[in-house]
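Listing of coords-v1.tsv; format and content: TSV, C-alpha atoms.
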```
chain	number	residue	atom	x	y	z
Y	1	MET	CA	62.29	89.58	54.50
Y	2	LYS	CA	63.53	86.06	54.97
Y	3	LEU	CA	65.39	85.93	58.27
Y	4	SER	CA	68.78	84.52	57.37
Y	5	LYS	CA	72.25	84.89	58.83
Y	6	ARG	CA	73.13	87.59	56.31
Y	7	SER	CA	69.89	89.57	56.55
Y	8	VAL	CA	69.80	89.52	60.36
Y	9	ALA	CA	73.44	90.60	60.65
Y	10	ALA	CA	72.75	93.55	58.33
Y	11	LEU	CA	69.85	94.96	60.37
Y	12	PRO	CA	70.98	98.24	62.01
Y	13	PRO	CA	69.80	99.61	65.38
Y	14	ARG	CA	67.35	102.51	65.25
Y	15	SER	CA	65.90	105.05	67.58
Y	16	GLY	CA	63.58	102.76	69.53
Y	17	ARG	CA	62.97	99.02	69.12
Y	18	TYR	CA	61.44	97.56	65.98
Y	19	PHE	CA	60.33	94.15	64.63
Y	20	VAL	CA	61.12	92.31	61.45
Y	21	TRP	CA	58.93	89.37	60.39
Y	22	ASP	CA	59.88	86.40	58.30
Y	23	ASP	CA	58.10	86.25	54.92
Y	24	GLU	CA	58.15	82.44	54.81
Y	25	LEU	CA	57.06	81.33	58.31
Y	26	SER	CA	54.11	83.27	59.69
Y	27	GLY	CA	54.62	84.40	63.31
Y	28	PHE	CA	58.41	84.01	63.23
Y	29	GLY	CA	60.18	87.32	63.80
Y	30	LEU	CA	63.05	89.30	65.21
Y	31	ARG	CA	63.04	92.16	67.72
Y	32	VAL	CA	65.85	94.72	67.33
Y	33	GLU	CA	66.59	96.91	70.35
Y	34	GLU	CA	67.96	100.43	70.25
Y	35	SER	CA	71.14	99.00	71.76
Y	36	GLY	CA	71.51	96.69	68.74
Y	37	ARG	CA	70.52	93.53	70.62
Y	38	LYS	CA	68.49	91.16	68.42
Y	39	THR	CA	66.08	88.55	69.76
Y	40	PHE	CA	64.14	85.87	67.85
Y	41	LEU	CA	60.52	85.37	68.83
Y	42	CYS	CA	57.36	83.60	67.78
Y	43	ARG	CA	53.83	85.06	67.95
Y	44	TYR	CA	50.57	83.14	67.81
Y	45	ARG	CA	46.97	83.40	69.00
Y	46	LYS	CA	45.34	81.17	71.59
Y	47	ASN	CA	41.62	81.58	72.33
Y	48	GLY	CA	41.71	84.97	70.62
Y	49	VAL	CA	44.61	86.21	72.78
Y	50	ARG	CA	47.94	87.04	71.18
Y	51	ARG	CA	50.85	85.22	72.78
Y	52	GLN	CA	54.59	85.78	72.33
Y	53	TYR	CA	57.31	83.20	72.89
Y	54	THR	CA	60.96	84.30	73.12
Y	55	LEU	CA	63.18	81.86	71.24
Y	56	GLY	CA	66.62	83.27	72.08
Y	57	ARG	CA	69.10	86.02	71.35
Y	58	TYR	CA	70.88	86.27	68.00
Y	59	GLY	CA	74.45	85.20	68.63
Y	60	ASN	CA	73.36	82.55	71.12
Y	61	ILE	CA	71.27	80.83	68.47
Y	62	THR	CA	71.34	81.08	64.67
Y	63	PRO	CA	68.41	82.09	62.45
Y	64	ASP	CA	68.05	78.47	61.27
Y	65	GLU	CA	67.94	77.19	64.86
Y	66	ALA	CA	65.37	79.85	65.78
Y	67	ARG	CA	63.24	78.95	62.73
Y	68	THR	CA	63.27	75.28	63.74
Y	69	GLU	CA	62.11	76.16	67.24
Y	70	ALA	CA	59.41	78.48	65.86
Y	71	LYS	CA	58.04	75.63	63.73
Y	72	LYS	CA	57.82	73.46	66.86
Y	73	ILE	CA	55.91	76.20	68.71
Y	74	ILE	CA	53.46	76.76	65.85
Y	75	GLY	CA	52.96	72.99	65.54
Y	76	ALA	CA	52.23	72.68	69.25
Y	77	VAL	CA	49.64	75.47	69.01
Y	78	ALA	CA	47.96	73.62	66.14
Y	79	PHE	CA	47.51	70.64	68.48
Y	80	GLY	CA	45.84	72.80	71.13
Y	81	GLN	CA	48.83	73.53	73.36
Y	82	ASP	CA	49.90	76.94	74.71
Y	83	PRO	CA	53.74	76.91	74.88
Y	84	SER	CA	53.99	80.47	76.25
Y	85	ASN	CA	51.72	79.73	79.19
Y	86	ALA	CA	53.54	76.45	79.84
Y	87	ARG	CA	56.84	78.31	79.98
Y	88	ASN	CA	55.41	80.87	82.38
Y	89	LEU	CA	54.29	78.08	84.71
Y	90	GLU	CA	57.72	76.47	84.38
Y	91	ARG	CA	59.41	79.78	85.23
Y	92	CYS	CA	57.37	80.12	88.37
Y	93	ALA	CA	58.43	76.68	89.52
Y	94	ILE	CA	62.18	76.82	88.84
Y	95	SER	CA	64.33	77.55	91.87
Y	96	PHE	CA	67.59	79.49	91.71
Y	97	SER	CA	69.45	76.33	92.68
Y	98	ASP	CA	67.99	74.53	89.64
Y	99	LEU	CA	68.68	77.55	87.46
Y	100	PHE	CA	72.32	77.54	88.52
Y	101	ASP	CA	72.54	73.84	87.68
Y	102	PHE	CA	71.20	74.61	84.19
Y	103	TYR	CA	73.75	77.41	83.87
Y	104	LEU	CA	76.67	75.14	84.76
Y	105	ARG	CA	75.44	72.38	82.47
Y	106	GLU	CA	74.57	74.49	79.42
Y	107	HIS	CA	76.94	77.47	79.69
Y	108	GLY	CA	79.72	75.92	81.79
Y	109	PRO	CA	81.41	74.20	78.81
Y	110	LYS	CA	81.94	77.65	77.25
Y	111	LEU	CA	83.82	78.92	80.31
Y	112	LYS	CA	87.43	78.30	81.24
Y	113	GLU	CA	87.68	75.54	83.82
Y	114	SER	CA	89.16	77.96	86.37
Y	115	SER	CA	86.33	80.46	85.79
Y	116	LYS	CA	83.69	77.77	86.05
Y	117	ALA	CA	85.22	76.49	89.30
Y	118	GLU	CA	85.35	80.03	90.74
Y	119	TYR	CA	81.68	80.69	89.84
Y	120	GLN	CA	80.64	77.40	91.39
Y	121	ARG	CA	82.70	77.92	94.55
Y	122	ALA	CA	81.53	81.50	95.17
Y	123	ILE	CA	77.83	81.01	94.43
Y	124	THR	CA	77.60	77.68	96.26
Y	125	LYS	CA	79.19	79.15	99.38
Y	126	HIS	CA	77.67	82.63	99.50
Y	127	ALA	CA	74.42	82.63	97.45
Y	128	LEU	CA	72.78	79.21	97.49
Y	129	PRO	CA	72.30	79.12	101.30
Y	130	ALA	CA	70.35	82.39	101.05
Y	131	ILE	CA	68.44	82.17	97.75
Y	132	GLY	CA	68.90	78.62	96.48
Y	133	GLN	CA	65.33	77.54	97.30
Y	134	LEU	CA	63.67	80.78	96.15
Y	135	GLN	CA	61.85	80.93	92.82
Y	136	ALA	CA	64.38	82.40	90.40
Y	137	GLU	CA	61.91	84.86	88.87
Y	138	ALA	CA	60.84	86.10	92.31
Y	139	ILE	CA	64.36	86.97	93.50
Y	140	THR	CA	64.69	90.70	94.06
Y	141	ARG	CA	67.46	93.22	94.29
Y	142	GLN	CA	66.89	93.29	98.05
Y	143	ASP	CA	67.61	89.55	98.25
Y	144	LEU	CA	70.94	89.97	96.47
Y	145	ASN	CA	71.78	93.13	98.38
Y	146	LYS	CA	71.56	91.16	101.65
Y	147	ILE	CA	74.17	88.74	100.29
Y	148	HIS	CA	76.33	91.68	99.23
Y	149	LEU	CA	76.13	93.33	102.64
Y	150	SER	CA	76.90	90.07	104.44
Y	151	LEU	CA	80.35	90.21	102.79
Y	152	ALA	CA	80.99	93.88	103.60
Y	153	ASP	CA	84.21	93.00	105.43
Y	154	ARG	CA	85.52	91.52	102.15
Y	155	PRO	CA	84.49	94.11	99.55
Y	156	HIS	CA	86.40	92.50	96.68
Y	157	ARG	CA	84.75	89.14	97.33
Y	158	ALA	CA	81.33	90.75	97.78
Y	159	ASN	CA	81.58	92.51	94.41
Y	160	ARG	CA	82.73	89.35	92.62
Y	161	VAL	CA	79.80	87.34	94.00
Y	162	ILE	CA	77.30	89.92	92.74
Y	163	SER	CA	79.03	89.99	89.34
Y	164	TYR	CA	78.83	86.20	89.12
Y	165	LEU	CA	75.13	86.26	90.05
Y	166	GLY	CA	74.56	88.95	87.43
Y	167	GLY	CA	76.15	86.68	84.84
Y	168	VAL	CA	73.80	83.82	85.75
Y	169	PHE	CA	70.68	86.01	85.56
Y	170	SER	CA	71.81	87.57	82.29
Y	171	TRP	CA	72.36	84.14	80.75
Y	172	ALA	CA	68.98	82.91	82.04
Y	173	ALA	CA	67.16	85.86	80.45
Y	174	SER	CA	69.00	85.40	77.15
Y	175	ASN	CA	68.11	81.71	77.00
Y	176	GLY	CA	64.44	81.88	77.90
Y	177	TYR	CA	64.60	80.69	81.52
Y	178	LEU	CA	63.62	84.16	82.79
Y	179	PRO	CA	61.92	87.15	81.15
Y	180	GLU	CA	64.31	89.42	79.30
Y	181	GLY	CA	65.60	92.25	81.44
Y	182	ASN	CA	65.21	90.22	84.65
Y	183	ASN	CA	68.57	90.79	86.33
Y	184	PRO	CA	68.27	91.90	89.97
Y	185	ALA	CA	72.07	92.18	90.27
Y	186	ARG	CA	72.29	94.95	87.69
Y	187	SER	CA	71.43	97.90	89.96
Y	188	ILE	CA	73.34	96.89	93.09
Y	189	LYS	CA	75.94	99.49	93.97
Y	190	ARG	CA	79.32	97.87	94.41
Y	191	PHE	CA	81.67	98.46	97.35
Y	192	ARG	CA	84.67	100.67	96.78
Y	193	GLU	CA	87.75	98.49	96.43
Y	194	GLN	CA	91.19	99.59	97.52
Y	195	SER	CA	93.70	98.79	94.81
Y	196	ARG	CA	96.56	96.79	96.29
Y	197	GLN	CA	100.11	97.56	95.21
Y	198	ARG	CA	102.52	95.50	97.26
Y	199	TYR	CA	106.06	95.10	95.98
Y	200	LEU	CA	108.95	93.46	97.77
Y	201	THR	CA	111.91	95.68	98.66
Y	202	GLU	CA	115.52	94.59	98.20
Y	203	GLU	CA	115.73	93.73	101.90
Y	204	GLU	CA	112.52	91.67	101.70
Y	205	LEU	CA	113.74	89.86	98.59
Y	206	SER	CA	116.95	88.99	100.41
Y	207	ALA	CA	114.97	87.67	103.40
Y	208	LEU	CA	112.75	85.63	101.05
Y	209	GLY	CA	115.83	84.16	99.36
Y	210	ASN	CA	117.25	83.11	102.74
Y	211	ALA	CA	113.93	81.53	103.76
Y	212	LEU	CA	113.72	79.57	100.50
Y	213	ARG	CA	117.26	78.25	100.89
Y	214	LEU	CA	116.54	77.15	104.46
Y	215	ALA	CA	113.24	75.56	103.42
Y	216	GLU	CA	114.93	73.28	100.88
Y	217	THR	CA	118.07	72.46	102.90
Y	218	SER	CA	118.29	72.45	106.70
Y	219	GLY	CA	114.60	73.32	107.11
Y	220	ILE	CA	112.69	76.10	108.83
Y	221	PRO	CA	111.00	75.97	112.27
Y	222	TRP	CA	107.45	74.64	112.28
Y	223	ILE	CA	104.86	77.28	113.17
Y	224	THR	CA	101.69	76.08	114.89
Y	225	ALA	CA	98.68	78.29	114.27
Y	226	ALA	CA	96.67	76.98	117.24
Y	227	THR	CA	97.96	76.89	120.80
Y	228	GLY	CA	96.81	75.38	124.07
Y	229	THR	CA	95.54	71.92	124.96
Y	230	SER	CA	93.10	71.90	122.02
Y	231	ALA	CA	95.80	72.52	119.41
Y	232	LYS	CA	95.93	69.86	116.72
Y	233	HIS	CA	99.72	69.94	116.72
Y	234	THR	CA	100.71	70.85	120.26
Y	235	PRO	CA	104.48	71.41	119.97
Y	236	LYS	CA	106.38	69.03	122.24
Y	237	SER	CA	109.48	70.02	120.33
Y	238	ASN	CA	110.33	72.53	117.64
Y	239	PRO	CA	111.20	70.42	114.59
Y	240	ASN	CA	112.42	71.91	111.34
Y	241	VAL	CA	110.34	71.47	108.19
Y	242	THR	CA	111.84	71.05	104.73
Y	243	TYR	CA	110.02	71.43	101.44
Y	244	PRO	CA	110.85	69.75	98.11
Y	245	ASN	CA	112.69	71.75	95.46
Y	246	SER	CA	109.55	71.69	93.32
Y	247	VAL	CA	107.86	73.93	95.92
Y	248	THR	CA	110.69	76.42	96.37
Y	249	ASN	CA	111.37	76.49	92.63
Y	250	ALA	CA	107.69	77.18	91.94
Y	251	ILE	CA	107.92	80.27	94.17
Y	252	ARG	CA	111.12	81.37	92.43
Y	253	LEU	CA	109.53	80.91	88.99
Y	254	LEU	CA	106.56	83.06	90.02
Y	255	LEU	CA	109.02	85.83	90.84
Y	256	PHE	CA	111.40	85.40	87.89
Y	257	THR	CA	108.72	85.01	85.20
Y	258	GLY	CA	105.91	87.22	86.51
Y	259	CYS	CA	103.47	84.39	85.69
Y	260	ARG	CA	100.22	83.79	87.52
Y	261	LEU	CA	100.03	80.95	90.04
Y	262	ARG	CA	98.01	78.55	87.89
Y	263	GLU	CA	100.26	79.23	84.89
Y	264	ILE	CA	103.22	77.84	86.83
Y	265	LEU	CA	101.46	75.05	88.71
Y	266	ASN	CA	99.76	73.76	85.54
Y	267	LEU	CA	102.90	74.15	83.40
Y	268	ARG	CA	103.84	71.05	81.38
Y	269	TRP	CA	107.32	70.24	80.15
Y	270	LYS	CA	106.07	70.14	76.56
Y	271	GLU	CA	105.26	73.87	76.93
Y	272	VAL	CA	108.85	74.69	77.96
Y	273	ASP	CA	111.36	75.61	75.22
Y	274	LEU	CA	114.69	76.14	76.96
Y	275	GLN	CA	116.62	76.35	73.70
Y	276	ARG	CA	114.73	79.44	72.55
Y	277	GLY	CA	113.94	80.61	76.09
Y	278	PHE	CA	110.14	80.58	76.09
Y	279	LEU	CA	107.12	79.14	77.85
Y	280	PHE	CA	104.34	78.56	75.33
Y	281	LEU	CA	101.19	78.59	77.44
Y	282	PRO	CA	98.15	77.22	75.58
Y	283	ASP	CA	95.59	78.75	77.94
Y	284	SER	CA	96.23	81.69	80.26
Y	285	LYS	CA	93.83	84.29	81.67
Y	286	THR	CA	94.24	86.29	78.45
Y	287	GLY	CA	94.36	83.27	76.15
Y	288	GLN	CA	97.32	81.63	74.45
Y	289	LYS	CA	100.60	83.42	75.12
Y	290	ALA	CA	104.38	83.08	75.07
Y	291	VAL	CA	106.40	83.96	78.17
Y	292	VAL	CA	110.00	85.10	77.74
Y	293	LEU	CA	112.37	83.24	80.07
Y	294	ASN	CA	115.29	85.09	81.63
Y	295	GLU	CA	118.52	83.31	82.54
Y	296	ALA	CA	117.49	82.90	86.18
Y	297	ALA	CA	114.29	81.09	85.19
Y	298	ILE	CA	116.11	78.97	82.60
Y	299	SER	CA	118.65	77.92	85.23
Y	300	ILE	CA	115.85	76.76	87.56
Y	301	LEU	CA	114.15	74.77	84.80
Y	302	HIS	CA	117.46	73.25	83.65
Y	303	GLY	CA	118.05	71.95	87.17
Y	304	SER	CA	114.53	70.57	87.68
Y	305	PRO	CA	114.03	66.81	87.26
Y	306	ARG	CA	111.60	65.64	84.59
Y	307	GLU	CA	109.79	62.99	86.61
Y	308	SER	CA	106.32	63.98	85.44
Y	309	ASP	CA	104.55	65.67	82.55
Y	310	TYR	CA	104.24	68.64	84.90
Y	311	VAL	CA	107.07	70.93	85.93
Y	312	ILE	CA	105.57	71.20	89.44
Y	313	PRO	CA	103.98	67.78	90.05
Y	314	GLY	CA	101.70	66.99	92.97
Y	315	ASP	CA	101.79	63.97	95.25
Y	316	ASN	CA	100.39	62.07	92.29
Y	317	PRO	CA	102.90	62.71	89.46
Y	318	ASP	CA	100.11	62.43	86.89
Y	319	HIS	CA	98.58	65.64	88.25
Y	320	PRO	CA	100.01	69.12	88.95
Y	321	ARG	CA	100.43	70.44	92.48
Y	322	HIS	CA	97.12	71.85	93.66
Y	323	ASP	CA	98.38	74.98	95.47
Y	324	LEU	CA	101.18	76.52	97.53
Y	325	LYS	CA	99.12	77.91	100.41
Y	326	ARG	CA	100.66	76.00	103.30
Y	327	PRO	CA	104.36	76.24	102.30
Y	328	TRP	CA	103.99	79.89	101.26
Y	329	LYS	CA	102.36	80.83	104.58
Y	330	HIS	CA	105.25	79.12	106.38
Y	331	ILE	CA	108.05	80.54	104.22
Y	332	ARG	CA	106.76	84.12	104.19
Y	333	ALA	CA	106.39	84.04	108.01
Y	334	VAL	CA	110.05	83.08	108.36
Y	335	ALA	CA	110.99	85.83	105.87
Y	336	GLY	CA	108.96	88.39	107.85
Y	337	ILE	CA	106.64	89.26	104.94
Y	338	GLU	CA	103.33	87.89	106.24
Y	339	ASP	CA	101.26	90.41	104.25
Y	340	VAL	CA	102.72	89.35	100.89
Y	341	ARG	CA	100.52	87.19	98.65
Y	342	LEU	CA	101.88	84.88	95.98
Y	343	HIS	CA	100.35	87.21	93.37
Y	344	ASP	CA	102.50	90.03	94.77
Y	345	LEU	CA	105.53	88.23	93.34
Y	346	ARG	CA	104.10	89.01	89.90
Y	347	HIS	CA	103.71	92.66	90.91
Y	348	THR	CA	107.29	92.68	92.14
Y	349	HIS	CA	108.55	91.29	88.82
Y	350	ALA	CA	106.73	94.06	86.98
Y	351	SER	CA	107.79	96.81	89.38
Y	352	VAL	CA	111.48	95.98	88.94
Y	353	GLY	CA	111.09	96.17	85.16
Y	354	ALA	CA	109.19	99.45	85.31
Y	355	ALA	CA	111.65	101.05	87.72
Y	356	ALA	CA	114.55	99.97	85.47
Y	357	GLY	CA	113.13	102.17	82.72
Y	358	PHE	CA	112.03	99.50	80.25
Y	359	GLY	CA	108.68	101.22	79.67
Y	360	LEU	CA	105.12	100.15	80.38
Y	361	GLN	CA	104.63	98.64	76.93
Y	362	ILE	CA	107.51	96.20	77.46
Y	363	VAL	CA	106.37	95.42	81.02
Y	364	GLY	CA	102.83	94.75	79.80
Y	365	LYS	CA	104.17	92.49	77.07
Y	366	LEU	CA	106.22	90.48	79.57
Y	367	LEU	CA	103.19	90.03	81.84
Y	368	GLY	CA	100.86	89.17	78.98
Y	369	HIS	CA	98.44	92.04	79.65
Y	370	SER	CA	95.73	92.28	77.00
Y	371	SER	CA	95.01	95.94	77.80
Y	372	PRO	CA	97.49	98.81	78.32
Y	373	GLN	CA	95.26	100.12	81.12
Y	374	THR	CA	96.12	97.05	83.21
Y	375	THR	CA	99.81	97.99	83.17
Y	376	GLN	CA	99.09	101.59	84.24
Y	377	ARG	CA	99.33	100.59	87.92
Y	378	TYR	CA	103.13	100.59	87.46
Y	379	ALA	CA	103.21	104.03	85.80
Y	380	HIS	CA	104.50	105.80	88.92
Y	381	LEU	CA	107.53	103.50	88.92
Y	382	ALA	CA	108.25	103.98	85.22
Y	383	ASP	CA	108.17	107.80	85.09
Y	384	THR	CA	111.93	108.18	84.70
Y	385	PRO	CA	111.66	111.51	82.75
Y	386	VAL	CA	109.25	112.82	85.39
Y	387	ARG	CA	111.67	111.81	88.15
Y	388	ARG	CA	114.56	113.56	86.37
Y	389	ALA	CA	112.43	116.69	86.03
Y	390	SER	CA	111.50	116.54	89.72
Y	391	ASN	CA	115.15	116.15	90.70
Y	392	ALA	CA	116.14	119.09	88.50
Y	393	ILE	CA	113.43	121.29	90.02
Y	394	GLY	CA	114.38	120.23	93.53
Y	395	SER	CA	118.07	120.97	92.89
Y	396	ALA	CA	117.25	124.42	91.50
Y	397	LEU	CA	115.05	125.25	94.48
Y	398	GLU	CA	117.65	123.94	96.92
Y	399	LEU	CA	120.32	126.05	95.25
Y	400	ALA	CA	118.10	129.14	95.40
Y	401	LEU	CA	117.43	128.59	99.10
Y	402	THR	CA	121.13	128.13	99.78
Y	403	GLU	CA	122.09	131.27	97.86
Y	404	ASN	CA	119.44	133.32	99.67
Y	405	LYS	CA	120.77	132.01	102.97
Y	406	LYS	CA	124.33	133.15	102.07
Y	407	ASP	CA	123.07	136.56	101.01
Y	408	ASP	CA	121.28	136.94	104.36
Y	409	PHE	CA	124.47	136.13	106.27
Y	410	SER	CA	126.63	138.49	104.20
Y	411	SER	CA	124.20	141.34	104.64
Y	412	GLY	CA	124.23	140.77	108.40
```
Could you take the file, read its structure, and then write that structure out as C-alpha cells?
Amino acid sequence: MKLSKRSVAALPPRSGRYFVWDDELSGFGLRVEESGRKTFLCRYRKNGVRRQYTLGRYGNITPDEARTEAKKIIGAVAFGQDPSNARNLERCAISFSDLFDFYLREHGPKLKESSKAEYQRAITKHALPAIGQLQAEAITRQDLNKIHLSLADRPHRANRVISYLGGVFSWAASNGYLPEGNNPARSIKRFREQSRQRYLTEEELSALGNALRLAETSGIPWITAATGTSAKHTPKSNPNVTYPNSVTNAIRLLLFTGCRLREILNLRWKEVDLQRGFLFLPDSKTGQKAVVLNEAAISILHGSPRESDYVIPGDNPDHPRHDLKRPWKHIRAVAGIEDVRLHDLRHTHASVGAAAGFGLQIVGKLLGHSSPQTTQRYAHLADTPVRRASNAIGSALELALTENKKDDFSSG
C-alpha cells in the first residue's frame, strides 16, 4: 500500500511484528510491533549485503517526512555511500553528554520549562559526572545502577534521576541516536518510597500564624545555621529580621488556595479575577486550570499592592520571586514546625476540606488533580460514614461491657 497518514493510522497490531512496504518508493517501509508501535525504515543493499536504516517512530515523524528521508537515503546509496554504516560509526562516537545536549535542544522545547529545568538539574548533578564521557551506546544497566545506589539515602531523588535517564534513552532510541530497545534504565528496580502525609494541626496553624505576623511586623530572631569562629554570620547581637508582606502573603496564599509553589510565585495579576473569585492559571502541572478563591485568599489579594505584573515580585519587579526557601526555613523554625515543607501547606488545605466532609471529588477539583487516584491519599480523612459506623460500633460495645459489668456486681 501507499504509506500515508490514513493508511498507517489504520494498521492494527497483530500477534508478532510485521512489515508493510510502500508501493511507490522501493525500500521504504513500516514495522508494526505487537504492542502497536510503528516505526518507519528504509532497506537497501550495499555490496550484496542488505542494510536497514531506522527513520523514526510514527507519531514523532509523519509518513511524508519519513518518505522524504527515505529518498535521501536511497539517493546517497546511489552515489556509493552507506548511510547505515555511517550512523553506526556515529553512534559509537557519541558520548552521553553530547546525547543529553541533543535531547535538550531537540526535545526540550516540547517540555514544560519547569520539567526541562528539573531534568537538566538532576542529570547534570548526578549523572554527567559518572557517565557523561562514556559512549552512549555502551552505557549499561550496571552503570546506571551505581548512580541509583549512590543516592540510596534519598530514595525519591534516586528514583527520579533514573526515570529522567530512562526518558533520555527512550527518546534517543525513538529518534535514531541509539538502536531501538536500548534503554539501560528500564530494568533497574526502584527504591521503595515512603508516602509523606504531613498536615498541620490547629495548634501548629496557630503557631504559624503568630510567626507570620511577627515576621512582617516586629520581626523574628535571626537564626544562624553555623556557629563558632568560622561562622559566616557570627552573632554579636541577636537582631530581629522582618520580611516583606509579599513573602508572608505568598505563604498564606499557598495555604488558603492549595496551589503549588510555582503557581503562586509565577502568578500574574492578569490571571487574577477578584470579581468572580478565580485564578485562571494558563499553565499548571496538569495544564490550564481555574482555581476557586475563598474569602481569605481574596482579602489577601485585595490588600496586595500592584507594583509589578507579578503578584509576588522578586527584587527585580519585572521578574517573579525565585523561591521562599530562606524565609520559610526561618519562619517555620520560629513556629516550631521544622519538618513541614511548603508543599505540606497544600496537603493541609486538602485535609481540612476532606475532614469537613466535602468529599474527595470536590477536594480533587479544588486542587486541580487530573486523576481521582491522586486525591485518594485524603480518603482516610473523608470517611465520615465510616467514622459514624465506627463510633456506633464502639458505643454498642462499650454499652455491652458496662452492662456485663453491672450484672457481675449484682450477682456478687
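A straight line drawn from CA of Thr124 (chain Y) to CA of Asn145 (chain Y) is 16.6 Å long.
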Quick one: contact table of region 108-214 of chain Y to region 22-44 of chain Y, 12 Å max, nearest atom pair and distance in Å to one decimal per residue, counting all atoms listed in the file, chain and number order, as CSV?
```
residue,atom,partner,partner_atom,distance
Y:Ala173,CA,Y:Thr39,CA,11.1
Y:Ser174,CA,Y:Thr39,CA,8.5
Y:Asn175,CA,Y:Thr39,CA,10.2
Y:Gly176,CA,Y:Leu41,CA,10.5
Y:Glu180,CA,Y:Thr39,CA,9.7
Y:Gly181,CA,Y:Arg37,CA,12.0
```
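Note that the spacing between CA of Gly166 (chain Y) and CA of Gln133 (chain Y) amounts to 17.7 Å.
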Residue neighbourhood region 204-217 of chain Y, 8 Å, all atoms listed in the file, exclusion window fewer than 2 positions, as a list in words: Leu200, Thr201, Glu202, Gly219, Ile220, Val241, Thr242, Tyr243, Pro244, Asn245, Thr248, Ile331, Arg332, Val334, Ala335, Gly336 and Ile337 of chain Y
Nearest to Leu3 (chain Y) by atom-to-atom distance, counting only C-alpha atoms, from Y:Asn316, Y:Ser304, Y:Asn240, Y:Thr62: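 Of Y:Asn316, Y:Ser304, Y:Asn240, Y:Thr62, the one nearest Leu3 (chain Y) is Y:Thr62, counting only C-alpha atoms.
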Between CA of Asn159 (chain Y) and CA of Pro184 (chain Y) - distance in Å to one decimal: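 Straight-line distance from CA of Pro184 (chain Y) to CA of Asn159 (chain Y) works out to 14.0 Å.
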Residue nearest Ser114 (chain Y) among Y:Arg262, Y:Ala333, Y:Arg326, Y:Lys289 (counting only C-alpha atoms):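 Result for the nearest residue to Ser114 (chain Y): Y:Arg262.
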Contact residues around Ala138 (chain Y) with all atoms listed in the file at 12 Å, ignoring same-chain residues under 3 positions, as a list in words: Arg91, Cys92, Ala93, Ile94, Ser95, Phe96, Ile131, Gly132, Gln133, Leu134, Gln135, Arg141, Gln142, Asp143, Leu144, Phe169, Leu178, Pro179, Asn182, Asn183 and Pro184 of chain Y
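Nearest-residue note for Gly56 (chain Y): choosing from Y:Ala172, Y:Ala136, Y:Gly16, Y:Ser7, the minimum distance belongs to Y:Ala172, counting all atoms listed in the file.
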Residues near Asn294 (chain Y), cut-off 12 Å, all atoms listed in the file, skip fewer than 6 positions along chain, as number ranges by chain: Y: 253, 255-258, 274-279, 300-301, 349, 366
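Taking only C-alpha atoms into account, Leu128 (chain Y) lies nearest to Y:Leu165 out of the set Y:Val352, Y:Ala9, Y:Ile61, Y:Leu165.
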Residue with smallest distance to Asp64 (chain Y) - pool Y:Ser15, Y:Ser4, Y:Ser308, Y:Ser187, counting only C-alpha atoms: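 Selected residue with least distance to Asp64 (chain Y): Y:Ser4.
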Lys329 (chain Y) surroundings by all atoms listed in the file, 9 Å radius, close-in-sequence under 5 positions cut, as a list in words: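 In the requested format, the answer is Leu324, Val334, Glu338 and Arg341 of chain Y.
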Centre and edge lengths of an axis-aligned box around all listed atoms of region 41-52 of chain Y, with 6 Å added on each side, are to be given in Å to one decimal, as AutoDock Vina command-line options.
```
--center_x 51.1 --center_y 84.1 --center_z 70.3 --size_x 30.9 --size_y 17.9 --size_z 17.0
```
Closest of Y:Glu263, Y:Val340, Y:Ile251, Y:Glu295 to Phe280 (chain Y) - atom-to-atom distances counting only C-alpha atoms: Y:Glu263
Test item: residues at most 9 Å from His156 (chain Y), all atoms listed in the file, excluding those fewer than 3 positions along its chain, as a list in words: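 Counting all atoms listed in the file, the residues come to Leu151, Ala152, Asn159, Arg160, Val161, Phe191, Arg192, Glu193 and Gln194 of chain Y.
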